[in-house]
file structure.txt (compact mmCIF, C-alpha atoms)
# COMPACT_ATOMS: atom_id res chain seq x y z
CA MET J 178 0.00 0.00 0.00
CA ASN J 179 1.68 3.17 -1.18
CA GLN J 180 -1.14 5.70 -1.28
CA ILE J 181 -3.74 7.13 1.06
CA ASN J 182 -7.16 5.51 0.88
CA PRO J 183 -9.40 7.75 -1.28
CA VAL J 184 -12.23 7.73 1.30
CA ILE J 185 -9.90 9.06 4.01
CA ASN J 186 -8.32 11.52 1.60
CA ASN J 187 -11.74 12.91 0.63
CA LEU J 188 -12.74 13.18 4.28
CA ALA J 189 -9.58 15.10 5.17
CA GLN J 190 -10.00 17.51 2.24
CA ALA J 191 -13.67 18.16 3.01
CA LEU J 192 -13.01 18.78 6.72
CA ASN J 193 -10.14 21.15 6.01
CA LYS J 194 -12.35 23.20 3.69
CA VAL J 195 -14.98 23.78 6.36
CA VAL J 196 -12.89 23.81 9.56
CA VAL J 197 -9.92 25.87 8.40
CA GLY J 198 -6.58 26.07 10.18
CA GLN J 199 -6.94 22.81 12.14
CA SER J 200 -5.12 20.32 9.91
CA THR J 201 -3.24 18.61 12.78
CA LEU J 202 -6.43 18.30 14.79
CA ILE J 203 -8.29 16.85 11.80
CA ASN J 204 -5.50 14.34 11.19
CA GLN J 205 -5.72 13.16 14.80
CA LEU J 206 -9.50 13.02 14.61
CA LEU J 207 -9.28 10.75 11.56
CA ILE J 208 -6.81 8.47 13.35
CA ALA J 209 -9.30 8.12 16.22
CA LEU J 210 -12.11 7.42 13.73
CA LEU J 211 -10.05 4.66 12.09
CA ALA J 212 -9.06 3.20 15.47
CA GLY J 213 -12.64 3.33 16.76
CA GLY J 214 -11.74 5.34 19.86
CA HIS J 215 -13.61 8.03 21.75
CA ILE J 216 -12.29 11.58 22.08
CA ILE J 217 -12.09 14.52 24.46
CA LEU J 218 -11.94 17.85 22.64
CA GLU J 219 -10.57 20.61 24.87
CA GLY J 220 -10.52 24.23 23.82
CA VAL J 221 -11.81 27.68 24.62
CA PRO J 222 -15.30 28.57 23.35
CA GLY J 223 -15.68 29.48 19.69
CA THR J 224 -12.82 27.41 18.24
CA GLY J 225 -15.06 25.13 16.16
CA LYS J 226 -15.24 22.01 18.35
CA THR J 227 -18.95 21.41 17.86
CA LEU J 228 -18.80 22.38 14.18
CA LEU J 229 -16.01 19.87 13.54
CA VAL J 230 -18.04 16.97 14.98
CA LYS J 231 -21.23 17.97 13.16
CA VAL J 232 -19.41 18.23 9.83
CA MET J 233 -17.70 14.86 10.36
CA ALA J 234 -21.05 13.17 11.02
CA GLN J 235 -22.53 14.79 7.91
CA LEU J 236 -19.60 13.73 5.72
CA ILE J 237 -19.92 10.04 6.66
CA GLN J 238 -23.77 10.09 6.68
CA ALA J 239 -23.92 9.04 10.33
CA ASP J 240 -26.77 9.56 12.77
CA PHE J 241 -25.80 12.43 15.05
CA ARG J 242 -27.06 13.48 18.48
CA ARG J 243 -25.83 16.24 20.76
CA ILE J 244 -26.23 16.51 24.54
CA GLN J 245 -25.67 19.84 26.28
CA LEU J 246 -24.47 18.64 29.67
CA THR J 247 -25.37 20.73 32.72
CA PRO J 248 -25.43 20.04 36.50
CA ASP J 249 -29.10 19.00 36.37
CA VAL J 250 -28.78 16.40 33.61
CA LEU J 251 -29.65 12.90 34.87
CA PRO J 252 -28.26 9.53 33.68
CA SER J 253 -31.67 8.67 32.23
CA ASP J 254 -31.47 11.83 30.10
CA ILE J 255 -28.57 10.14 28.29
CA THR J 256 -29.49 6.45 28.29
CA GLY J 257 -33.30 6.66 28.20
CA THR J 258 -36.01 5.16 30.38
CA ASN J 259 -39.05 2.88 30.37
CA ILE J 260 -42.32 4.83 30.39
CA PHE J 261 -45.68 3.39 31.45
CA ASP J 262 -48.38 3.76 28.79
CA LEU J 263 -51.82 4.14 30.38
CA ASN J 264 -53.57 3.11 27.16
CA THR J 265 -51.74 -0.19 26.66
CA ARG J 266 -51.05 -0.63 30.39
CA SER J 267 -47.47 -1.62 29.60
CA PHE J 268 -44.01 -0.09 29.65
CA SER J 269 -42.39 1.20 26.47
CA LEU J 270 -38.75 2.13 26.04
CA LYS J 271 -37.88 5.71 25.23
CA LYS J 272 -34.28 5.59 24.06
CA GLY J 273 -31.93 8.41 25.02
CA PRO J 274 -29.48 10.26 22.75
CA ILE J 275 -26.75 7.69 23.40
CA PHE J 276 -28.47 5.42 20.86
CA THR J 277 -26.79 7.04 17.88
CA GLN J 278 -23.69 6.63 15.73
CA VAL J 279 -21.92 9.90 16.55
CA LEU J 280 -22.59 11.37 20.01
CA LEU J 281 -21.40 14.83 21.00
CA ALA J 282 -21.33 15.33 24.78
CA ASP J 283 -20.88 19.09 25.12
CA GLU J 284 -19.04 20.33 28.24
CA ILE J 285 -18.82 16.95 29.91
CA ASN J 286 -17.12 18.43 32.99
CA ARG J 287 -20.27 20.48 33.74
CA THR J 288 -22.30 17.41 34.74
CA PRO J 289 -22.00 15.33 37.96
CA PRO J 290 -20.03 12.04 38.13
CA LYS J 291 -23.17 9.87 38.18
CA THR J 292 -24.26 11.32 34.84
CA GLN J 293 -20.71 11.14 33.43
CA ALA J 294 -20.68 7.46 34.36
CA ALA J 295 -23.79 6.87 32.24
CA LEU J 296 -21.48 7.06 29.23
CA LEU J 297 -19.00 4.47 30.54
CA GLU J 298 -20.81 1.25 29.66
CA GLY J 299 -21.70 2.48 26.20
CA MET J 300 -18.14 3.60 25.48
CA GLU J 301 -16.55 0.38 26.70
CA GLU J 302 -19.11 -2.32 25.92
CA LEU J 303 -21.15 -0.85 23.04
CA GLN J 304 -24.29 -1.49 25.03
CA VAL J 305 -26.59 0.16 27.57
CA THR J 306 -28.34 -1.65 30.44
CA LEU J 307 -31.84 -0.40 31.24
CA ASP J 308 -33.93 -2.13 33.92
CA GLY J 309 -31.74 -5.21 33.69
CA GLU J 310 -31.93 -5.48 29.90
CA SER J 311 -28.81 -5.00 27.75
CA LEU J 312 -29.48 -2.97 24.61
CA PRO J 313 -26.84 -2.81 21.86
CA LEU J 314 -25.55 0.46 20.46
CA PRO J 315 -24.81 0.99 16.73
CA GLU J 316 -21.60 -0.65 15.52
CA LEU J 317 -19.99 2.69 14.67
CA PHE J 318 -20.84 4.31 18.05
CA TRP J 319 -18.37 7.16 18.54
CA ALA J 320 -18.49 9.46 21.57
CA ILE J 321 -16.83 12.87 21.44
CA ALA J 322 -16.84 14.97 24.61
CA THR J 323 -15.90 18.64 24.80
CA GLN J 324 -14.68 20.64 27.76
CA ASN J 325 -13.62 24.21 28.44
CA PRO J 326 -10.12 24.52 29.99
CA LEU J 327 -10.70 28.02 31.38
CA GLU J 328 -13.77 27.90 33.61
CA PHE J 329 -13.48 25.48 36.53
CA GLU J 330 -16.08 26.92 38.92
CA GLY J 331 -18.96 24.49 39.32
CA THR J 332 -17.31 21.76 37.24
CA TYR J 333 -16.75 18.06 37.94
CA PRO J 334 -13.34 16.81 36.69
CA LEU J 335 -13.56 13.43 35.00
CA PRO J 336 -12.24 10.54 37.16
CA GLU J 337 -9.15 8.67 35.98
CA ALA J 338 -11.15 5.51 35.24
CA GLN J 339 -13.31 7.40 32.76
CA LEU J 340 -10.47 9.43 31.27
CA ASP J 341 -8.63 6.21 30.43
CA ARG J 342 -11.57 5.11 28.29
CA PHE J 343 -11.07 8.05 25.94
CA LEU J 344 -8.58 7.23 23.22
CA PHE J 345 -7.39 10.80 22.61
CA LYS J 346 -7.48 14.16 24.30
CA LEU J 347 -7.23 16.71 21.50
CA VAL J 348 -6.40 20.33 22.28
CA VAL J 349 -8.08 22.84 19.97
CA ASP J 350 -5.93 25.95 19.51
CA TYR J 351 -6.73 29.25 17.85
CA PRO J 352 -6.23 29.23 14.04
CA ASP J 353 -3.44 31.31 12.51
CA GLN J 354 -4.17 34.66 10.89
CA ALA J 355 -4.50 33.31 7.33
CA SER J 356 -6.89 30.57 8.44
CA GLU J 357 -9.00 32.97 10.47
CA LYS J 358 -9.22 35.27 7.45
CA GLN J 359 -10.40 32.33 5.32
CA MET J 360 -13.03 31.57 7.95
CA LEU J 361 -14.37 35.12 7.63
CA LEU J 362 -14.31 34.85 3.84
CA ASN J 363 -16.35 31.65 4.10
CA ARG J 364 -18.83 33.51 6.27
CA GLN J 365 -18.97 36.35 3.74
CA ALA J 366 -19.69 33.78 1.03
CA GLY J 367 -22.75 32.65 2.99
CA PHE J 368 -21.57 29.67 5.09
CA SER J 369 -22.29 29.57 8.81
CA ALA J 370 -22.50 26.82 11.42
CA ARG J 371 -26.28 26.57 11.22
CA ARG J 372 -27.93 23.20 10.73
CA THR J 373 -29.12 24.04 7.20
CA ASP J 374 -25.62 25.00 6.07
CA ILE J 375 -24.10 21.81 7.49
CA ALA J 376 -26.88 19.71 5.95
CA SER J 377 -25.98 21.14 2.54
CA ILE J 378 -22.45 19.70 2.73
CA LYS J 379 -22.14 16.78 0.35
CA PRO J 380 -21.21 13.47 2.05
CA VAL J 381 -18.02 11.78 0.85
CA ALA J 382 -18.34 8.41 2.63
CA ARG J 383 -20.78 5.99 4.22
CA VAL J 384 -20.83 4.47 7.69
CA GLU J 385 -20.31 1.03 6.15
CA GLU J 386 -17.10 2.23 4.49
CA ILE J 387 -15.76 3.53 7.81
CA ILE J 388 -16.41 0.15 9.44
CA GLU J 389 -14.59 -1.55 6.54
CA LEU J 390 -11.64 0.84 6.98
CA ARG J 391 -11.45 -0.08 10.66
CA GLU J 392 -11.07 -3.72 9.67
CA ALA J 393 -8.37 -2.78 7.16
CA VAL J 394 -6.44 -0.92 9.89
CA LYS J 395 -6.22 -4.15 11.89
CA GLN J 396 -4.23 -5.70 9.02
CA VAL J 397 -1.44 -3.11 9.24
CA LYS J 398 1.78 -4.95 10.16
CA VAL J 399 3.54 -4.26 13.46
CA THR J 400 6.97 -5.88 13.81
CA GLU J 401 8.26 -7.29 17.07
CA ALA J 402 10.88 -4.51 17.20
CA ILE J 403 8.11 -1.88 17.11
CA ILE J 404 6.15 -3.72 19.83
CA ASP J 405 9.28 -3.83 22.03
CA TYR J 406 9.81 -0.10 21.38
CA LEU J 407 6.24 0.70 22.36
CA LEU J 408 6.49 -1.38 25.55
CA ALA J 409 9.79 0.30 26.44
CA LEU J 410 8.03 3.68 26.23
CA VAL J 411 5.21 2.39 28.43
CA ARG J 412 7.61 1.08 31.10
CA THR J 413 9.66 4.28 31.01
CA SER J 414 6.51 6.28 31.72
CA ARG J 415 5.79 4.13 34.78
CA GLN J 416 9.29 4.80 36.13
CA ASN J 417 9.31 8.53 35.37
CA PRO J 418 10.09 10.50 38.58
CA ASP J 419 7.72 13.31 37.60
CA LEU J 420 4.68 11.05 37.19
CA ALA J 421 2.40 9.62 39.86
CA LEU J 422 0.65 7.52 37.22
CA GLY J 423 2.14 6.25 33.95
CA ALA J 424 0.67 4.33 31.03
CA SER J 425 -1.76 1.51 31.85
CA PRO J 426 -2.07 -1.76 29.90
CA ARG J 427 -5.18 -0.25 28.28
CA ALA J 428 -3.02 2.70 27.18
CA ALA J 429 -0.47 0.29 25.67
CA ASN J 430 -3.21 -1.46 23.73
CA ALA J 431 -4.59 1.88 22.53
CA TRP J 432 -1.09 2.98 21.51
CA PHE J 433 -0.74 -0.18 19.42
CA VAL J 434 -4.06 0.32 17.59
CA THR J 435 -3.59 4.04 16.98
CA SER J 436 -0.09 3.43 15.61
CA GLN J 437 -1.69 1.11 13.05
CA ALA J 438 -4.29 3.78 12.25
CA ALA J 439 -1.61 6.46 11.87
CA ALA J 440 0.32 4.25 9.44
CA TYR J 441 -2.84 3.50 7.44
CA LEU J 442 -3.69 7.20 7.28
CA ALA J 443 -0.20 7.83 5.89
CA GLY J 444 -0.79 5.24 3.16
CA ARG J 445 1.41 2.45 4.55
CA ASP J 446 0.67 -1.14 5.57
CA PHE J 447 3.39 -1.23 8.26
CA VAL J 448 4.07 0.79 11.42
CA THR J 449 7.22 2.85 11.90
CA PRO J 450 8.64 4.40 15.10
CA ASP J 451 7.48 7.79 13.82
CA ASP J 452 3.89 6.50 13.85
CA VAL J 453 4.30 5.50 17.50
CA LYS J 454 5.75 8.88 18.43
CA ALA J 455 3.28 10.93 16.37
CA ILE J 456 0.26 10.01 18.46
CA ALA J 457 1.94 10.01 21.89
CA LEU J 458 0.74 13.46 23.00
CA PRO J 459 -3.01 13.09 22.33
CA LEU J 460 -2.93 9.47 23.55
CA LEU J 461 -1.15 10.06 26.87
CA ARG J 462 -1.75 13.64 28.04
CA HIS J 463 -5.03 12.72 29.78
CA ARG J 464 -3.81 9.38 31.15
CA PHE J 465 -0.70 10.52 33.02
CA ILE J 466 -0.84 12.24 36.42
CA LEU J 467 1.91 14.62 37.47
CA LYS J 468 3.31 14.46 40.99
CA PRO J 469 2.51 17.51 43.15
CA GLU J 470 6.16 18.59 43.24
CA ALA J 471 6.33 18.44 39.42
CA MET J 472 3.27 20.67 39.19
CA LEU J 473 4.84 23.11 41.66
CA ASP J 474 7.91 23.23 39.43
CA GLY J 475 5.66 24.28 36.56
CA LEU J 476 6.19 21.16 34.45
CA GLU J 477 3.69 20.66 31.64
CA MET J 478 2.35 17.24 30.67
CA ASP J 479 3.32 17.52 27.01
CA ALA J 480 6.92 18.31 28.00
CA VAL J 481 7.08 15.20 30.23
CA ILE J 482 5.75 13.02 27.39
CA SER J 483 8.33 14.47 25.00
CA SER J 484 11.11 13.70 27.50
CA ILE J 485 9.96 10.06 27.70
CA LEU J 486 10.05 9.79 23.90
CA ASN J 487 13.60 11.17 23.91
CA LYS J 488 14.84 8.72 26.55
CA VAL J 489 13.97 5.50 24.69
CA PRO J 490 16.24 4.57 21.75
CA VAL J 491 14.42 4.35 18.42
CA PRO J 492 14.77 0.92 16.72
CA ARG J 493 16.09 0.72 13.18

call {"tool": "encode", "arguments": {"input": "structure.txt", "output": "structure tokens"}}
result
Amino acid sequence: MNQINPVINNLAQALNKVVVGQSTLINQLLIALLAGGHIILEGVPGTGKTLLVKVMAQLIQADFRRIQLTPDVLPSDITGTNIFDLNTRSFSLKKGPIFTQVLLADEINRTPPKTQAALLEGMEELQVTLDGESLPLPELFWAIATQNPLEFEGTYPLPEAQLDRFLFKLVVDYPDQASEKQMLLNRQAGFSARRTDIASIKPVARVEEIIELREAVKQVKVTEAIIDYLLALVRTSRQNPDLALGASPRAANAWFVTSQAAAYLAGRDFVTPDDVKAIALPLLRHRFILKPEAMLDGLEMDAVISSILNKVPVPR
């Protein structure tokens, strides 16, 4: 395989046309889509987080639901509930928004832990249990949660057990000047983030094609040398003096799969050390925990991850 799959190439081009100035973010989003992993999108308001997810769902013709999470949202508001029908004198299931293919959980840190936990079973098991009955979710099910890094008053930080179930934590930065100008030109030409404008975007793929691509990613070759390199990075993180918590076995498994997805996205059928290193930051920044003394010294998580990558020799 020497060229990028046309479906992925078309998706990348279409996303970059609408969400300008976020090419790195879009590349990482596509890796997560190919790997079948859930995402945390972190960025200040107005940087296009919600727009990016809506456009992605439109481009692959996926069912899309959005939940605006607030302190009063209940678990049943996400999963659904059984309602008693007086006419039929029986219970009928009213499914919640989690029963969709692409789920956007807006401002997940604004809702209490019990409601946050309502997403856990669906993310991990692709099913929801209601009144003792297990109900399957769509095969594609993809959860994307957003959070604001600036406002912490009245928020509920996600627990480590739930953070580890997200494949990536993607940081959405401000676009550069040229990209922001193009955004304004797009607005002048008549495009906005309204539902009608997004619905007018022509799809470039189907859900079935994405599922097929996920199967193709599993066939990407990973040599024993690359596996040993990946495990060396994992063990180095666990021994890092600045970290209270390093990479878990789940993180190692996610690193393996996303390395395959990164190679596939690059048009190769084998993984290189650069693929392993390329996805380290979004994969690990939400899984590691800094020691208090490291935080007092002003160390940043991305810098610690970079130091771990530099410590382990790269295999030939």

call {"tool": "atom_distance", "arguments": {"input": "structure.txt", "atom1": "CA of Val481 in chain J", "atom2": "CA of Pro450 in chain J"}}
result
18.7 Å

call {"tool": "residues_around", "arguments": {"input": "structure.txt", "residues": "Ile403 in chain J", "least_positions_apart": "3", "cutoff": "8 Å", "atoms": "all atoms listed in the file", "output": "PyMOL selection string"}}
result
chain J and resi 399-400+406-407+448-450+492

call {"tool": "atom_distance", "arguments": {"input": "structure.txt", "atom1": "CA of Val279 in chain J", "atom2": "CA of Leu207 in chain J"}}
result
13.6 Å

call {"tool": "atom_distance", "arguments": {"input": "structure.txt", "atom1": "CA of Lys358 in chain J", "atom2": "CA of Asn204 in chain J"}}
result
21.6 Å

call {"tool": "residues_around", "arguments": {"input": "structure.txt", "residues": "His463 in chain J", "least_positions_apart": "5", "cutoff": "12 Å", "atoms": "only C-alpha atoms", "output": "PyMOL selection string"}}
result
chain J and resi 216-219+334-348+422-425+428+457-458+477-479+482

call {"tool": "axis_aligned_box", "arguments": {"input": "structure.txt", "around": "range 484-489 of chain J", "padding_each_side": "4 Å", "output": "AutoDock Vina command-line options"}}
result
--center_x 12.4 --center_y 9.6 --center_z 25.8 --size_x 12.9 --size_y 16.2 --size_z 11.8

call {"tool": "closest_residue", "arguments": {"input": "structure.txt", "among": "J:Pro380, J:Pro313, J:Pro326, J:Gly214", "to": "Glu298 in chain J", "atoms": "only C-alpha atoms"}}
result
J:Pro313

call {"tool": "residues_around", "arguments": {"input": "structure.txt", "residues": "Asn487 in chain J", "least_positions_apart": "4", "cutoff": "12 Å", "atoms": "all atoms listed in the file", "output": "list in words"}}
result
Ala409, Leu410, Thr413, Ser414, Lys454, Ala457, Ala480, Val481, Ile482, Ser483 and Val491 of chain J

call {"tool": "residues_around", "arguments": {"input": "structure.txt", "residues": "Pro248 in chain J", "least_positions_apart": "6", "cutoff": "8 Å", "atoms": "all atoms listed in the file", "output": "PDB file with C-alpha atoms, keeping the file's coordinate frame"}}
result
ATOM      1  CA  ARG J 287     -20.270  20.480  33.740  1.00  0.00           C
ATOM      2  CA  THR J 288     -22.300  17.410  34.740  1.00  0.00           C
ATOM      3  CA  PRO J 289     -22.000  15.330  37.960  1.00  0.00           C
TER       4      PRO J 289
END

call {"tool": "residues_near_point", "arguments": {"input": "structure.txt", "point": "(-20.5, 17.0, 0.6)", "cutoff": "8 Å", "atoms": "all atoms listed in the file", "output": "list of chain:residue names"}}
result
J:Ala191, J:Gln235, J:Leu236, J:Ser377, J:Ile378, J:Lys379, J:Pro380, J:Val381

call {"tool": "closest_residue", "arguments": {"input": "structure.txt", "among": "J:Asn182, J:Arg412, J:Asn187, J:Gly299", "to": "Ile237 in chain J", "atoms": "all atoms listed in the file"}}
result
J:Asn187

call {"tool": "residues_near_point", "arguments": {"input": "structure.txt", "point": "(-16.5, 8.7, 11.1)", "cutoff": "10 Å", "atoms": "all atoms listed in the file", "output": "PDB file with C-alpha atoms, in the frame of the given file"}}
result
ATOM      1  CA  ILE J 185      -9.900   9.060   4.010  1.00  0.00           C
ATOM      2  CA  LEU J 188     -12.740  13.180   4.280  1.00  0.00           C
ATOM      3  CA  LEU J 206      -9.500  13.020  14.610  1.00  0.00           C
ATOM      4  CA  LEU J 207      -9.280  10.750  11.560  1.00  0.00           C
ATOM      5  CA  ILE J 208      -6.810   8.470  13.350  1.00  0.00           C
ATOM      6  CA  ALA J 209      -9.300   8.120  16.220  1.00  0.00           C
ATOM      7  CA  LEU J 210     -12.110   7.420  13.730  1.00  0.00           C
ATOM      8  CA  LEU J 211     -10.050   4.660  12.090  1.00  0.00           C
ATOM      9  CA  GLY J 213     -12.640   3.330  16.760  1.00  0.00           C
ATOM     10  CA  VAL J 230     -18.040  16.970  14.980  1.00  0.00           C
ATOM     11  CA  MET J 233     -17.700  14.860  10.360  1.00  0.00           C
ATOM     12  CA  ALA J 234     -21.050  13.170  11.020  1.00  0.00           C
ATOM     13  CA  GLN J 235     -22.530  14.790   7.910  1.00  0.00           C
ATOM     14  CA  LEU J 236     -19.600  13.730   5.720  1.00  0.00           C
ATOM     15  CA  ILE J 237     -19.920  10.040   6.660  1.00  0.00           C
ATOM     16  CA  GLN J 238     -23.770  10.090   6.680  1.00  0.00           C
ATOM     17  CA  ALA J 239     -23.920   9.040  10.330  1.00  0.00           C
ATOM     18  CA  GLN J 278     -23.690   6.630  15.730  1.00  0.00           C
ATOM     19  CA  VAL J 279     -21.920   9.900  16.550  1.00  0.00           C
ATOM     20  CA  LEU J 317     -19.990   2.690  14.670  1.00  0.00           C
ATOM     21  CA  PHE J 318     -20.840   4.310  18.050  1.00  0.00           C
ATOM     22  CA  TRP J 319     -18.370   7.160  18.540  1.00  0.00           C
ATOM     23  CA  ALA J 382     -18.340   8.410   2.630  1.00  0.00           C
ATOM     24  CA  ARG J 383     -20.780   5.990   4.220  1.00  0.00           C
ATOM     25  CA  VAL J 384     -20.830   4.470   7.690  1.00  0.00           C
ATOM     26  CA  GLU J 385     -20.310   1.030   6.150  1.00  0.00           C
ATOM     27  CA  GLU J 386     -17.100   2.230   4.490  1.00  0.00           C
ATOM     28  CA  ILE J 387     -15.760   3.530   7.810  1.00  0.00           C
ATOM     29  CA  ILE J 388     -16.410   0.150   9.440  1.00  0.00           C
TER      30      ILE J 388
END

call {"tool": "closest_residue", "arguments": {"input": "structure.txt", "among": "J:Ala393, J:Ala355, J:Ala212, J:Leu192", "to": "Ala431 in chain J", "atoms": "all atoms listed in the file"}}
result
J:Ala212

call {"tool": "decode", "arguments": {"input": "structure.txt", "residues": "range 292-312 of chain J", "atoms": "N, CA and C atoms", "output": "mmCIF file, in the first residue's frame"}}
result
data_model
loop_
_atom_site.group_PDB
_atom_site.id
_atom_site.type_symbol
_atom_site.label_atom_id
_atom_site.label_comp_id
_atom_site.auth_asym_id
_atom_site.auth_seq_id
_atom_site.Cartn_x
_atom_site.Cartn_y
_atom_site.Cartn_z
ATOM 1 N N THR J 292 -23.822 11.157 36.226
ATOM 2 C CA THR J 292 -24.255 11.320 34.838
ATOM 3 C C THR J 292 -23.097 11.041 33.877
ATOM 4 N N GLN J 293 -21.890 11.470 34.248
ATOM 5 C CA GLN J 293 -20.713 11.145 33.434
ATOM 6 C C GLN J 293 -20.567 9.631 33.280
ATOM 7 N N ALA J 294 -20.826 8.913 34.372
ATOM 8 C CA ALA J 294 -20.678 7.457 34.364
ATOM 9 C C ALA J 294 -21.692 6.776 33.459
ATOM 10 N N ALA J 295 -22.788 7.458 33.124
ATOM 11 C CA ALA J 295 -23.792 6.868 32.239
ATOM 12 C C ALA J 295 -23.212 6.581 30.858
ATOM 13 N N LEU J 296 -22.128 7.285 30.535
ATOM 14 C CA LEU J 296 -21.485 7.060 29.234
ATOM 15 C C LEU J 296 -20.531 5.863 29.251
ATOM 16 N N LEU J 297 -20.085 5.445 30.447
ATOM 17 C CA LEU J 297 -19.003 4.468 30.543
ATOM 18 C C LEU J 297 -19.324 3.139 29.876
ATOM 19 N N GLU J 298 -20.475 2.567 30.206
ATOM 20 C CA GLU J 298 -20.811 1.247 29.660
ATOM 21 C C GLU J 298 -20.927 1.304 28.148
ATOM 22 N N GLY J 299 -21.568 2.354 27.643
ATOM 23 C CA GLY J 299 -21.703 2.482 26.197
ATOM 24 C C GLY J 299 -20.372 2.614 25.503
ATOM 25 N N MET J 300 -19.452 3.405 26.083
ATOM 26 C CA MET J 300 -18.137 3.597 25.480
ATOM 27 C C MET J 300 -17.312 2.317 25.482
ATOM 28 N N GLU J 301 -17.406 1.557 26.555
ATOM 29 C CA GLU J 301 -16.550 0.380 26.703
ATOM 30 C C GLU J 301 -17.165 -0.882 26.102
ATOM 31 N N GLU J 302 -18.479 -1.058 26.279
ATOM 32 C CA GLU J 302 -19.114 -2.320 25.924
ATOM 33 C C GLU J 302 -20.021 -2.243 24.691
ATOM 34 N N LEU J 303 -20.224 -1.050 24.176
ATOM 35 C CA LEU J 303 -21.147 -0.846 23.045
ATOM 36 C C LEU J 303 -22.549 -1.365 23.371
ATOM 37 N N GLN J 304 -22.951 -1.114 24.615
ATOM 38 C CA GLN J 304 -24.294 -1.493 25.029
ATOM 39 C C GLN J 304 -24.713 -0.625 26.211
ATOM 40 N N VAL J 305 -26.033 -0.570 26.445
ATOM 41 C CA VAL J 305 -26.593 0.163 27.575
ATOM 42 C C VAL J 305 -27.537 -0.780 28.306
ATOM 43 N N THR J 306 -27.456 -0.799 29.638
ATOM 44 C CA THR J 306 -28.337 -1.649 30.439
ATOM 45 C C THR J 306 -29.428 -0.795 31.054
ATOM 46 N N LEU J 307 -30.682 -1.105 30.708
ATOM 47 C CA LEU J 307 -31.844 -0.395 31.239
ATOM 48 C C LEU J 307 -32.792 -1.403 31.877
ATOM 49 N N ASP J 308 -33.043 -1.219 33.172
ATOM 50 C CA ASP J 308 -33.934 -2.127 33.917
ATOM 51 C C ASP J 308 -33.545 -3.586 33.731
ATOM 52 N N GLY J 309 -32.241 -3.846 33.777
ATOM 53 C CA GLY J 309 -31.737 -5.208 33.694
ATOM 54 C C GLY J 309 -31.618 -5.773 32.292
ATOM 55 N N GLU J 310 -31.998 -5.004 31.289
ATOM 56 C CA GLU J 310 -31.929 -5.478 29.899
ATOM 57 C C GLU J 310 -30.789 -4.772 29.171
ATOM 58 N N SER J 311 -29.932 -5.553 28.506
ATOM 59 C CA SER J 311 -28.810 -4.995 27.752
ATOM 60 C C SER J 311 -29.240 -4.683 26.326
ATOM 61 N N LEU J 312 -29.079 -3.434 25.944
ATOM 62 C CA LEU J 312 -29.481 -2.974 24.614
ATOM 63 C C LEU J 312 -28.249 -2.569 23.830
#
